[in-house]
$ cat input-v8.txt   # compact mmCIF, C-alpha atoms
# COMPACT_ATOMS: atom_id res chain seq x y z
CA MET A 1 97.32 87.63 76.22
CA PRO A 2 96.38 91.30 76.84
CA SER A 3 98.26 93.27 79.48
CA PRO A 4 96.72 93.04 82.96
CA THR A 5 95.13 96.09 84.53
CA LEU A 6 96.50 97.34 87.82
CA ASP A 7 94.69 99.14 90.62
CA LEU A 8 96.71 101.17 93.15
CA PHE A 9 95.62 101.46 96.77
CA GLY A 10 97.72 103.98 98.74
CA VAL A 11 97.82 104.08 102.54
CA LEU A 12 99.77 105.30 105.53
CA HIS A 13 101.46 102.36 107.20
CA VAL A 14 100.12 103.37 110.62
CA ASP A 15 96.33 103.51 110.56
CA ARG A 16 93.26 101.65 111.77
CA PRO A 17 93.43 98.19 110.15
CA GLY A 18 89.64 97.78 110.29
CA LYS A 19 89.11 101.00 108.34
CA VAL A 20 91.78 100.09 105.77
CA ARG A 21 90.25 96.64 105.42
CA ALA A 22 86.77 98.03 104.73
CA GLU A 23 88.10 100.43 102.08
CA LEU A 24 90.27 97.81 100.41
CA ASP A 25 87.49 95.21 100.43
CA ASP A 26 85.32 97.55 98.35
CA PHE A 27 88.12 98.83 96.14
CA ALA A 28 89.56 95.39 95.26
CA ASP A 29 86.27 93.54 94.97
CA ASP A 30 87.07 92.33 91.43
CA ALA A 31 90.84 91.75 91.83
CA ASP A 32 92.36 88.38 90.88
CA ALA A 33 95.23 88.87 93.31
CA LEU A 34 96.59 91.27 95.90
CA PHE A 35 100.15 92.57 95.66
CA ILE A 36 101.66 94.37 98.62
CA GLU A 37 104.65 96.57 99.38
CA GLN A 38 106.24 94.05 101.70
CA PRO A 39 109.70 92.42 101.47
CA GLU A 40 109.72 89.78 98.75
CA THR A 41 112.33 87.88 100.79
CA GLU A 42 112.09 87.34 104.52
CA VAL A 43 114.15 89.82 106.51
CA THR A 44 116.11 87.62 108.92
CA LEU A 45 118.67 88.29 111.61
CA GLY A 46 121.27 87.44 108.99
CA THR A 47 119.85 90.20 106.78
CA PHE A 48 120.24 92.71 109.59
CA GLY A 49 123.76 91.45 110.22
CA ARG A 50 124.79 91.96 106.60
CA THR A 51 123.16 95.39 106.60
CA GLY A 52 125.06 96.31 109.75
CA LEU A 53 128.37 95.35 108.15
CA ARG A 54 127.72 97.19 104.88
CA ALA A 55 125.57 100.12 106.03
CA PRO A 56 125.86 100.59 109.81
CA VAL A 57 124.49 104.15 110.01
CA PHE A 58 121.54 103.22 107.79
CA LEU A 59 120.77 100.29 110.11
CA LEU A 60 120.87 102.52 113.18
CA GLY A 61 118.53 104.95 111.42
CA ALA A 62 116.13 102.13 110.54
CA LEU A 63 116.09 101.01 114.19
CA LEU A 64 115.52 104.59 115.37
CA HIS A 65 112.70 104.97 112.85
CA LEU A 66 111.19 101.76 114.22
CA ALA A 67 111.52 103.05 117.78
CA LEU A 68 109.73 106.30 116.92
CA PHE A 69 106.84 104.48 115.27
CA THR A 70 106.46 101.66 117.80
CA PRO A 71 103.99 103.58 120.04
CA PHE A 72 101.80 104.34 117.02
CA TYR A 73 101.85 100.71 115.93
CA ALA A 74 100.87 99.71 119.45
CA VAL A 75 97.97 102.16 119.73
CA LEU A 76 96.53 101.91 116.20
CA ASN A 77 97.69 98.68 114.54
CA ARG A 78 97.96 96.63 117.75
CA GLU A 79 100.26 94.29 115.90
CA TYR A 80 103.86 94.45 114.79
CA ASP A 81 102.89 95.05 111.18
CA GLU A 82 101.64 97.77 108.87
CA ALA A 83 97.91 98.44 108.82
CA GLU A 84 97.61 97.48 105.17
CA ALA A 85 99.41 94.16 105.71
CA ILE A 86 96.97 93.25 108.46
CA ALA A 87 94.03 94.21 106.21
CA VAL A 88 95.39 92.32 103.20
CA ARG A 89 95.90 89.12 105.18
CA ARG A 90 92.36 89.21 106.53
CA ILE A 91 90.76 89.90 103.15
CA ALA A 92 92.86 87.21 101.47
CA ASP A 93 91.83 84.66 104.10
CA GLU A 94 88.15 85.53 103.71
CA ARG A 95 88.06 85.57 99.92
CA GLY A 96 90.74 83.02 99.12
CA LEU A 97 92.82 85.53 97.17
CA PRO A 98 96.52 85.00 96.49
CA VAL A 99 98.88 87.54 98.08
CA HIS A 100 102.25 88.41 96.59
CA GLU A 101 104.92 90.42 98.43
CA VAL A 102 106.89 92.28 95.77
CA ASP A 103 109.03 94.98 97.40
CA ASP A 104 112.81 95.16 97.51
CA HIS A 105 112.75 96.58 101.03
CA PRO A 106 115.50 99.12 101.90
CA VAL A 107 116.97 96.76 104.49
CA LEU A 108 117.16 94.00 101.86
CA TYR A 109 118.72 96.39 99.37
CA MET A 110 121.31 97.66 101.84
CA SER A 111 122.19 94.11 102.92
CA ARG A 112 123.79 93.75 99.48
CA ALA A 113 124.89 97.39 99.15
CA GLY A 114 127.70 98.22 96.77
CA PRO A 115 130.93 100.16 97.39
CA ARG A 116 129.32 103.60 97.14
CA TRP A 117 126.91 102.93 100.00
CA ILE A 118 129.51 101.10 102.07
CA VAL A 119 131.97 103.98 101.88
CA ALA A 120 129.29 106.58 102.64
CA ASN A 121 128.06 104.66 105.69
CA TRP A 122 131.46 103.98 107.18
CA LEU A 123 132.58 107.57 106.67
CA ALA A 124 129.39 108.74 108.40
CA LEU A 125 130.00 106.24 111.19
CA ALA A 126 133.55 107.48 111.69
CA GLY A 127 132.36 111.09 111.73
CA LEU A 128 129.68 110.42 114.34
CA ALA A 129 132.07 108.43 116.52
CA TRP A 130 134.66 111.23 116.33
CA ALA A 131 132.11 113.99 117.02
CA PHE A 132 130.16 112.35 119.84
CA GLY A 133 132.44 109.62 121.17
CA VAL A 134 131.01 107.56 124.04
CA SER A 135 127.56 109.10 123.61
CA PHE A 136 127.30 107.77 120.07
CA LEU A 137 128.39 104.30 121.16
CA ALA A 138 125.79 104.36 123.94
CA ILE A 139 122.98 105.35 121.56
CA ALA A 140 124.08 102.71 119.04
CA GLY A 141 124.03 100.09 121.79
CA VAL A 142 120.54 101.11 122.96
CA LEU A 143 119.13 101.02 119.42
CA LEU A 144 120.71 97.65 118.61
CA LEU A 145 119.49 96.07 121.85
CA ALA A 146 116.01 97.56 121.58
CA GLY A 147 115.75 96.51 117.93
CA ALA A 148 116.77 92.95 118.77
CA ILE A 149 114.19 92.78 121.57
CA THR A 150 111.43 94.26 119.41
CA ILE A 151 112.05 92.03 116.41
CA GLY A 152 112.69 88.95 118.56
CA THR A 153 109.48 89.27 120.58
CA ALA A 154 107.48 90.06 117.43
CA ARG A 155 108.69 86.80 115.88
CA LEU A 156 107.57 84.90 118.97
CA ASP A 157 104.16 86.58 119.06
CA ARG A 158 102.88 89.60 117.13
CA ARG A 159 101.18 90.89 120.28
CA LEU A 160 103.90 90.05 122.80
CA TRP A 161 106.00 92.94 121.57
CA LEU A 162 103.24 95.33 122.74
CA VAL A 163 104.32 94.90 126.36
CA VAL A 164 108.03 94.52 125.69
CA SER A 165 109.16 96.77 122.84
CA ILE A 166 108.11 100.18 124.13
CA PRO A 167 109.75 99.80 127.58
CA ALA A 168 112.86 98.33 125.93
CA THR A 169 113.19 101.13 123.38
CA TRP A 170 112.05 104.21 125.23
CA GLY A 171 113.33 102.97 128.58
CA GLY A 172 116.82 102.64 127.11
CA LEU A 173 116.67 106.08 125.49
CA LEU A 174 115.40 107.72 128.68
CA LEU A 175 118.12 106.00 130.71
CA ALA A 176 120.75 107.26 128.27
CA GLY A 177 119.31 110.75 128.56
CA THR A 178 119.23 110.61 132.34
CA ILE A 179 122.93 109.83 132.59
CA GLY A 180 123.81 112.44 129.96
CA LEU A 181 124.48 110.12 127.02
CA LEU A 182 121.70 111.26 124.69
CA PRO A 183 122.91 114.10 122.46
CA THR A 184 120.09 115.13 120.18
CA GLY A 185 122.54 115.78 117.34
CA VAL A 186 123.26 112.04 117.06
CA LEU A 187 119.60 111.13 116.74
CA ALA A 188 118.91 113.89 114.20
CA VAL A 189 121.87 112.98 111.96
CA VAL A 190 121.18 109.24 112.09
CA LEU A 191 117.49 109.68 111.30
CA LEU A 192 118.13 112.15 108.46
CA PHE A 193 120.76 109.83 106.97
CA TYR A 194 118.28 106.95 107.02
CA LEU A 195 115.42 108.98 105.51
CA ALA A 196 117.65 110.38 102.75
CA THR A 197 118.92 106.90 101.90
CA ALA A 198 115.46 105.33 101.91
CA GLY A 199 114.08 108.18 99.80
CA SER A 200 116.81 107.75 97.19
CA LEU A 201 115.75 104.11 96.76
CA ASN A 202 112.10 104.86 95.94
CA GLU A 203 112.47 104.80 92.16
CA HIS A 204 114.37 101.51 92.30
CA ARG A 205 111.67 100.02 94.53
CA ASN A 206 108.87 101.25 92.26
CA ARG A 207 110.49 99.67 89.22
CA HIS A 208 111.17 96.49 91.16
CA MET A 209 107.56 96.17 92.33
CA LEU A 210 106.17 96.78 88.84
CA ARG A 211 108.57 94.26 87.30
CA ASN A 212 107.53 91.63 89.85
CA ILE A 213 103.83 92.36 89.30
CA ALA A 214 104.18 92.08 85.51
CA ASP A 215 106.12 88.81 85.76
CA ILE A 216 103.77 87.21 88.29
CA ALA A 217 100.62 88.39 86.50
CA ASP A 218 101.95 86.91 83.24
CA ARG A 219 102.90 83.63 84.91
CA GLU A 220 99.66 83.26 86.86
CA GLU A 221 97.48 84.75 84.08
CA TYR A 222 95.94 87.46 86.23
CA ASP A 223 93.71 89.90 84.38
CA HIS A 224 93.18 92.37 87.20
CA ALA A 225 95.68 92.97 90.01
CA CYS A 226 95.68 95.35 92.96
CA LEU A 227 98.84 96.74 94.56
CA VAL A 228 98.58 97.97 98.15
CA THR A 229 101.41 100.37 98.90
CA GLY A 230 102.48 103.45 100.81
CA LYS A 231 101.21 106.77 99.45
CA GLY A 232 104.72 108.02 98.73
CA HIS A 233 105.05 105.45 95.93
CA LEU A 234 101.88 106.29 94.00
CA ALA A 235 103.21 109.01 91.70
CA GLY A 236 106.25 106.96 90.70
CA LEU A 237 104.19 103.84 90.12
CA VAL A 238 101.66 105.61 87.90
CA SER A 239 104.39 107.20 85.76
CA LEU A 240 106.44 103.98 85.43
CA ALA A 241 103.65 101.42 84.94
CA GLY A 242 103.61 101.85 81.17
CA ASP A 243 107.23 100.70 80.98
CA ARG A 244 106.04 97.26 82.13
CA ASP A 245 102.91 97.21 79.93
CA LEU A 246 100.73 97.61 83.01
CA ALA A 247 97.67 99.83 82.66
CA VAL A 248 96.76 101.61 85.91
CA SER A 249 92.95 101.67 85.81
CA ARG A 250 92.11 103.10 89.23
CA MET A 251 93.79 104.70 92.23
CA HIS A 252 92.57 105.15 95.79
CA VAL A 253 94.30 107.33 98.39
CA SER A 254 93.21 106.38 101.89
CA ARG A 255 92.74 109.14 104.48
CA TRP A 256 94.29 108.77 107.88
CA LEU A 257 91.88 107.32 110.46
CA ARG A 258 88.83 108.30 108.40
CA ARG A 259 86.90 106.31 105.82
CA SER A 260 87.27 107.53 102.25
CA ASP A 261 85.61 106.19 99.11
CA ASP A 262 87.27 108.59 96.67
CA VAL A 263 88.58 106.74 93.62
CA THR A 264 90.44 108.23 90.64
CA ASP A 265 89.80 106.39 87.37
CA ASP A 266 92.59 106.28 84.78
CA PRO A 267 94.95 108.51 86.85
CA ASP A 268 97.00 110.95 84.79
CA PRO A 269 100.74 110.54 85.53
CA GLU A 270 101.43 114.28 85.22
CA ARG A 271 98.61 115.23 87.54
CA VAL A 272 99.52 112.58 90.10
CA GLY A 273 103.12 113.77 89.94
CA GLU A 274 102.07 117.34 90.65
CA ASN A 275 100.30 116.15 93.79
CA SER A 276 102.92 113.67 94.90
CA GLY A 277 104.47 115.89 97.58
CA LEU A 278 102.22 117.74 99.99
CA GLY A 279 99.26 116.91 97.76
CA TRP A 280 98.94 113.26 98.79
CA PHE A 281 99.60 114.28 102.40
CA ARG A 282 96.68 116.70 102.27
CA THR A 283 94.46 114.14 100.56
CA ALA A 284 95.37 111.48 103.09
CA PHE A 285 94.45 113.63 106.07
CA GLY A 286 91.64 115.62 104.47
CA LEU A 287 93.82 118.70 104.97
CA THR A 288 92.59 121.00 102.25
CA ARG A 289 91.42 124.58 102.77
CA PRO A 290 87.67 124.23 103.30
CA ASP A 291 84.85 126.52 102.30
CA ALA A 292 83.81 128.80 105.14
CA ARG A 293 80.28 129.09 106.46
CA PRO A 294 79.70 132.85 106.66
CA SER A 295 78.47 134.76 109.72
CA THR A 296 79.14 131.96 112.20
CA GLU A 297 82.01 133.56 114.13
CA THR A 298 79.83 134.30 117.18
CA GLU A 299 78.69 130.67 117.39
CA VAL A 300 82.06 128.99 117.83
CA LEU A 301 83.39 130.07 121.22
CA GLY A 302 83.16 126.56 122.67
CA ARG A 303 84.72 125.03 119.58
CA ARG A 304 87.55 127.59 119.59
CA THR A 305 88.27 126.88 123.24
CA LEU A 306 88.46 123.14 122.72
CA ALA A 307 90.54 123.62 119.55
CA ALA A 308 92.98 125.76 121.54
CA VAL A 309 93.33 122.99 124.13
CA LEU A 310 93.97 120.40 121.41
CA ASP A 311 96.49 122.66 119.69
CA LEU A 312 98.35 123.03 122.96
CA ALA A 313 99.49 119.42 122.56
CA GLY A 314 100.62 120.18 119.02
CA VAL A 315 102.52 123.23 120.21
CA VAL A 316 104.35 121.15 122.82
CA VAL A 317 105.42 118.62 120.19
CA ALA A 318 106.39 121.36 117.70
CA THR A 319 108.39 123.18 120.35
CA PHE A 320 110.31 120.06 121.32
CA VAL A 321 111.00 119.02 117.72
CA GLY A 322 111.91 122.55 116.61
CA GLY A 323 114.25 123.05 119.55
CA VAL A 324 115.95 119.70 119.03
CA VAL A 325 116.38 120.18 115.27
CA LEU A 326 117.66 123.75 115.50
CA GLY A 327 119.92 122.82 118.42
CA ALA A 328 121.36 119.91 116.45
CA VAL A 329 121.91 122.07 113.37
CA ALA A 330 123.60 124.78 115.45
CA ALA A 331 125.83 122.22 117.17
CA LEU A 332 126.87 120.63 113.88
CA ALA A 333 127.47 123.95 112.15
CA LEU A 334 129.01 126.00 114.96
CA GLY A 335 130.15 123.46 117.54
CA GLU A 336 128.77 122.04 120.78
CA SER A 337 128.87 125.47 122.44
CA ALA A 338 126.04 126.63 120.15
CA LEU A 339 123.72 123.78 121.16
CA SER A 340 122.01 125.62 124.02
CA SER A 341 121.51 128.79 121.94
CA GLY A 342 120.00 126.75 119.11
CA LEU A 343 117.67 125.00 121.53
CA LEU A 344 116.46 128.29 123.01
CA VAL A 345 115.83 129.87 119.60
CA GLY A 346 114.02 126.73 118.42
CA PHE A 347 111.87 126.66 121.55
CA ALA A 348 110.98 130.35 121.08
CA VAL A 349 110.21 130.28 117.36
CA SER A 350 108.49 126.89 116.97
CA PRO A 351 105.16 127.76 118.68
CA VAL A 352 104.62 130.73 116.37
CA LEU A 353 105.63 128.68 113.31
CA TYR A 354 103.17 125.95 114.33
CA PHE A 355 100.21 128.33 113.96
CA VAL A 356 101.55 130.36 111.02
CA VAL A 357 102.48 127.36 108.86
CA TRP A 358 99.23 125.44 109.44
CA GLU A 359 97.01 128.48 108.90
CA THR A 360 98.95 129.64 105.85
CA LEU A 361 98.81 126.26 104.14
CA LEU A 362 95.34 125.11 105.15
CA GLY A 363 93.55 127.94 106.88
CA ARG A 364 93.39 126.00 110.14
CA THR A 365 95.47 124.20 112.72
CA PRO A 366 94.89 120.52 113.58
CA GLY A 367 92.72 121.59 116.52
CA LYS A 368 90.54 123.76 114.29
CA TRP A 369 90.41 120.96 111.70
CA LEU A 370 89.06 118.50 114.25
CA LEU A 371 86.44 121.03 115.43
CA GLY A 372 85.40 122.18 111.96
CA LEU A 373 86.80 125.72 112.09
CA VAL A 374 88.73 127.87 109.63
CA VAL A 375 90.42 131.30 109.71
CA VAL A 376 89.23 133.74 107.05
CA ALA A 377 89.50 137.45 106.35
CA GLU A 378 86.63 139.64 107.55
CA ASP A 379 85.08 139.57 104.07
CA GLY A 380 85.24 135.76 103.97
CA SER A 381 88.21 135.53 101.59
CA VAL A 382 91.50 133.76 102.17
CA PRO A 383 93.62 135.90 104.53
CA SER A 384 96.99 137.16 103.38
CA ARG A 385 100.20 135.73 104.77
CA ARG A 386 100.91 139.07 106.41
CA ALA A 387 97.54 138.94 108.18
CA LEU A 388 98.17 135.43 109.46
CA LEU A 389 101.65 136.40 110.63
CA VAL A 390 100.28 139.42 112.53
CA ARG A 391 97.45 137.32 113.96
CA ASN A 392 99.83 134.80 115.44
CA LEU A 393 102.67 137.09 116.46
CA LEU A 394 100.17 138.81 118.76
CA ARG A 395 98.93 135.52 120.19
CA PRO A 396 101.10 135.83 123.35
CA LEU A 397 99.29 139.10 124.15
CA ASP A 398 96.00 137.21 124.37
CA PHE A 399 97.48 134.98 127.05
CA VAL A 400 97.89 137.91 129.48
CA PRO A 401 96.92 136.82 132.08
CA PHE A 402 95.86 133.20 131.53
CA TYR A 403 94.18 134.05 128.22
CA ALA A 404 91.92 136.55 130.00
CA LEU A 405 92.64 139.38 127.54
CA GLY A 406 91.89 137.17 124.57
CA LEU A 407 88.63 135.93 126.14
CA VAL A 408 87.49 139.46 127.00
CA SER A 409 88.25 140.58 123.44
CA VAL A 410 86.28 137.68 121.94
CA LEU A 411 83.27 138.38 124.18
CA ALA A 412 83.37 142.16 123.72
CA THR A 413 83.71 142.37 119.93
CA ASP A 414 80.82 142.00 117.49
CA ARG A 415 82.59 139.29 115.48
CA ALA A 416 84.24 137.41 118.38
CA GLN A 417 87.75 138.55 117.50
CA ARG A 418 90.73 138.33 119.80
CA VAL A 419 93.40 141.04 119.75
CA GLY A 420 95.36 139.37 116.96
CA ASP A 421 92.19 139.02 114.86
CA LEU A 422 91.34 142.69 115.29
CA LEU A 423 94.71 143.88 114.02
CA ALA A 424 94.88 141.28 111.24
CA ASP A 425 91.23 141.73 110.13
CA THR A 426 90.52 138.01 110.48
CA VAL A 427 87.71 135.94 112.01
CA VAL A 428 87.24 132.27 112.89
CA VAL A 429 84.13 130.63 111.45
CA ARG A 430 82.70 127.16 110.93
CA THR A 431 83.40 125.22 107.78
CA GLU A 432 80.82 124.03 105.29
$ encode --input "input-v8.txt" --output "structure tokens"
Amino acid sequence: MPSPTLDLFGVLHVDRPGKVRAELDDFADDADALFIEQPETEVTLGTFGRTGLRAPVFLLGALLHLALFTPFYAVLNREYDEAEAIAVRRIADERGLPVHEVDDHPVLYMSRAGPRWIVANWLALAGLAWAFGVSFLAIAGVLLLAGAITIGTARLDRRLWLVVSIPATWGGLLLAGTIGLLPTGVLAVVLLFYLATAGSLNEHRNRHMLRNIADIADREEYDHACLVTGKGHLAGLVSLAGDRDLAVSRMHVSRWLRRSDDVTDDPDPERVGENSGLGWFRTAFGLTRPDARPSTETEVLGRRTLAAVLDLAGVVVATFVGGVVLGAVAALALGESALSSGLLVGFAVSPVLYFVVWETLLGRTPGKWLLGLVVVAEDGSVPSRRALLVRNLLRPLDFVPFYALGLVSVLATDRAQRVGDLLADTVVVRTE
């Protein structure tokens, strides 16, 4: 029997299920079966218990990760499940397709972790307990209780957790913060430990999924299978598929919140690998530097104003995250006394970095992206990094007072340039 062909459908786990369903329905219209990056074995309370005994810090990180994503699941997915899992179930029910869950989920893997992982986790646990004492125990208790409530209510009803999990998780964290038991260093270390551990397991999981797909396709005599997985796995899956005599015929990378019909036929492993980092992130969100529509800088005042309002929310988030991360790093490196200094520096630097990083990478901030704007040099070319740095370092000057100086500059100049634009020789125009 010839080797089955495999299609890869990459998504973000938090998205609009209806949009993912429509894309997948078209992409997998000729598939014999749907495979999905979901635990091949049910994750039970016993699984969590074994994980807690072998890898306690990893488990706390997994629960914190769940807590951070719960609001997004509630708003977008509206179920306690990934968007692609919801879409796969609905398509399978409609078309009578078999669904196979083939992933060795990190929680499953860590529930049977070997000595290396056990030692690393318990050493990390001892270090956190020594460094943060009662605060660490309080955070661990909040995460364990909130995780139990979230998972328990989700098992009773996939929608019941909507009204229970967020108050349980965030209410506990806010209470701990109110009484002074929420050191940001604990949260940062636990989350980074979890992400590093989960990332190190990606190659194992890719090989595991491909092995399961090959075995099941051979047993069930499937000619054409489709694997629905997170985008971070695509490069590894394409490069490893040949080891299991699986031919990847097509690949689709879904964009976040927006419909995309872009399909890559016979994806090249080397090319996919080159784009496996920020590349798939840009593709997923449509975040590539766009072509500029020339001579439209005087037509975008309303768009620029609304983009600035939208970016204000991004700046608030960036400031909080930057302050917390830099404060945590300073506290870990120099001691608790450096926490406040790290926070202040992070709060001061993060707003500027928000604009500089986005505009350097993509020519536009999220606000400008949503409003169809892009920053270009006066001749329409891509501005230099120096120009973008100057443009944004002078941004506070435009806010004097209440953005009046910036508004006057935009209205008074021929090309609607604020002070930073004038000195950096940049303009803001519409995209093609």
$ residues_around --input "input-v8.txt" --residues "Gly314 (chain A)" --least-positions-apart "6" --cutoff "12 Å" --atoms "only C-alpha atoms" --output "list of chain:residue names"
A:Ala307, A:Ala308, A:Phe320, A:Val321, A:Gly322, A:Ser350, A:Pro351, A:Val352, A:Leu353, A:Tyr354, A:Phe355, A:Trp358, A:Thr365, A:Pro366, A:Gly367, A:Lys368
$ closest_residue --input "input-v8.txt" --among "A:Leu371, A:Leu306, A:Ala138, A:Leu6" --to "Ala28 (chain A)" --atoms "only C-alpha atoms"
A:Leu6
$ atom_distance --input "input-v8.txt" --atom1 "CA of Ser295 (chain A)" --atom2 "CA of Asp421 (chain A)"
15.3 Å
$ atom_distance --input "input-v8.txt" --atom1 "CA of Leu45 (chain A)" --atom2 "CA of Ala120 (chain A)"
23.0 Å
$ residues_around --input "input-v8.txt" --residues "Val356 (chain A)" --least-positions-apart "5" --cutoff "10 Å" --atoms "all atoms listed in the file" --output "count of residues only"
15
$ build_atoms --input "input-v8.txt" --residues "region 403-414 of chain A" --atoms "N, CA and C atoms" --output "compact mmCIF listing (two decimals), in the coordinates of the input"
# COMPACT_ATOMS: atom_id res chain seq x y z
N TYR A 403 95.08 133.89 129.37
CA TYR A 403 94.18 134.05 128.22
C TYR A 403 92.98 134.95 128.52
N ALA A 404 93.04 135.69 129.63
CA ALA A 404 91.92 136.55 130.00
C ALA A 404 91.69 137.66 128.98
N LEU A 405 92.78 138.29 128.51
CA LEU A 405 92.64 139.38 127.54
C LEU A 405 92.01 138.88 126.24
N GLY A 406 92.46 137.73 125.79
CA GLY A 406 91.89 137.17 124.57
C GLY A 406 90.41 136.84 124.74
N LEU A 407 90.03 136.28 125.89
CA LEU A 407 88.63 135.93 126.14
C LEU A 407 87.76 137.18 126.22
N VAL A 408 88.25 138.21 126.91
CA VAL A 408 87.49 139.46 127.00
C VAL A 408 87.30 140.07 125.61
N SER A 409 88.34 140.03 124.79
CA SER A 409 88.25 140.58 123.44
C SER A 409 87.23 139.82 122.60
N VAL A 410 87.23 138.50 122.70
CA VAL A 410 86.28 137.68 121.94
C VAL A 410 84.85 137.99 122.36
N LEU A 411 84.62 138.13 123.67
CA LEU A 411 83.27 138.38 124.18
C LEU A 411 82.80 139.81 123.90
N ALA A 412 83.75 140.75 123.84
CA ALA A 412 83.37 142.16 123.72
C ALA A 412 83.20 142.63 122.29
N THR A 413 83.78 141.93 121.32
CA THR A 413 83.71 142.37 119.93
C THR A 413 82.52 141.75 119.21
N ASP A 414 82.01 142.46 118.21
CA ASP A 414 80.82 142.00 117.49
C ASP A 414 81.06 140.70 116.74
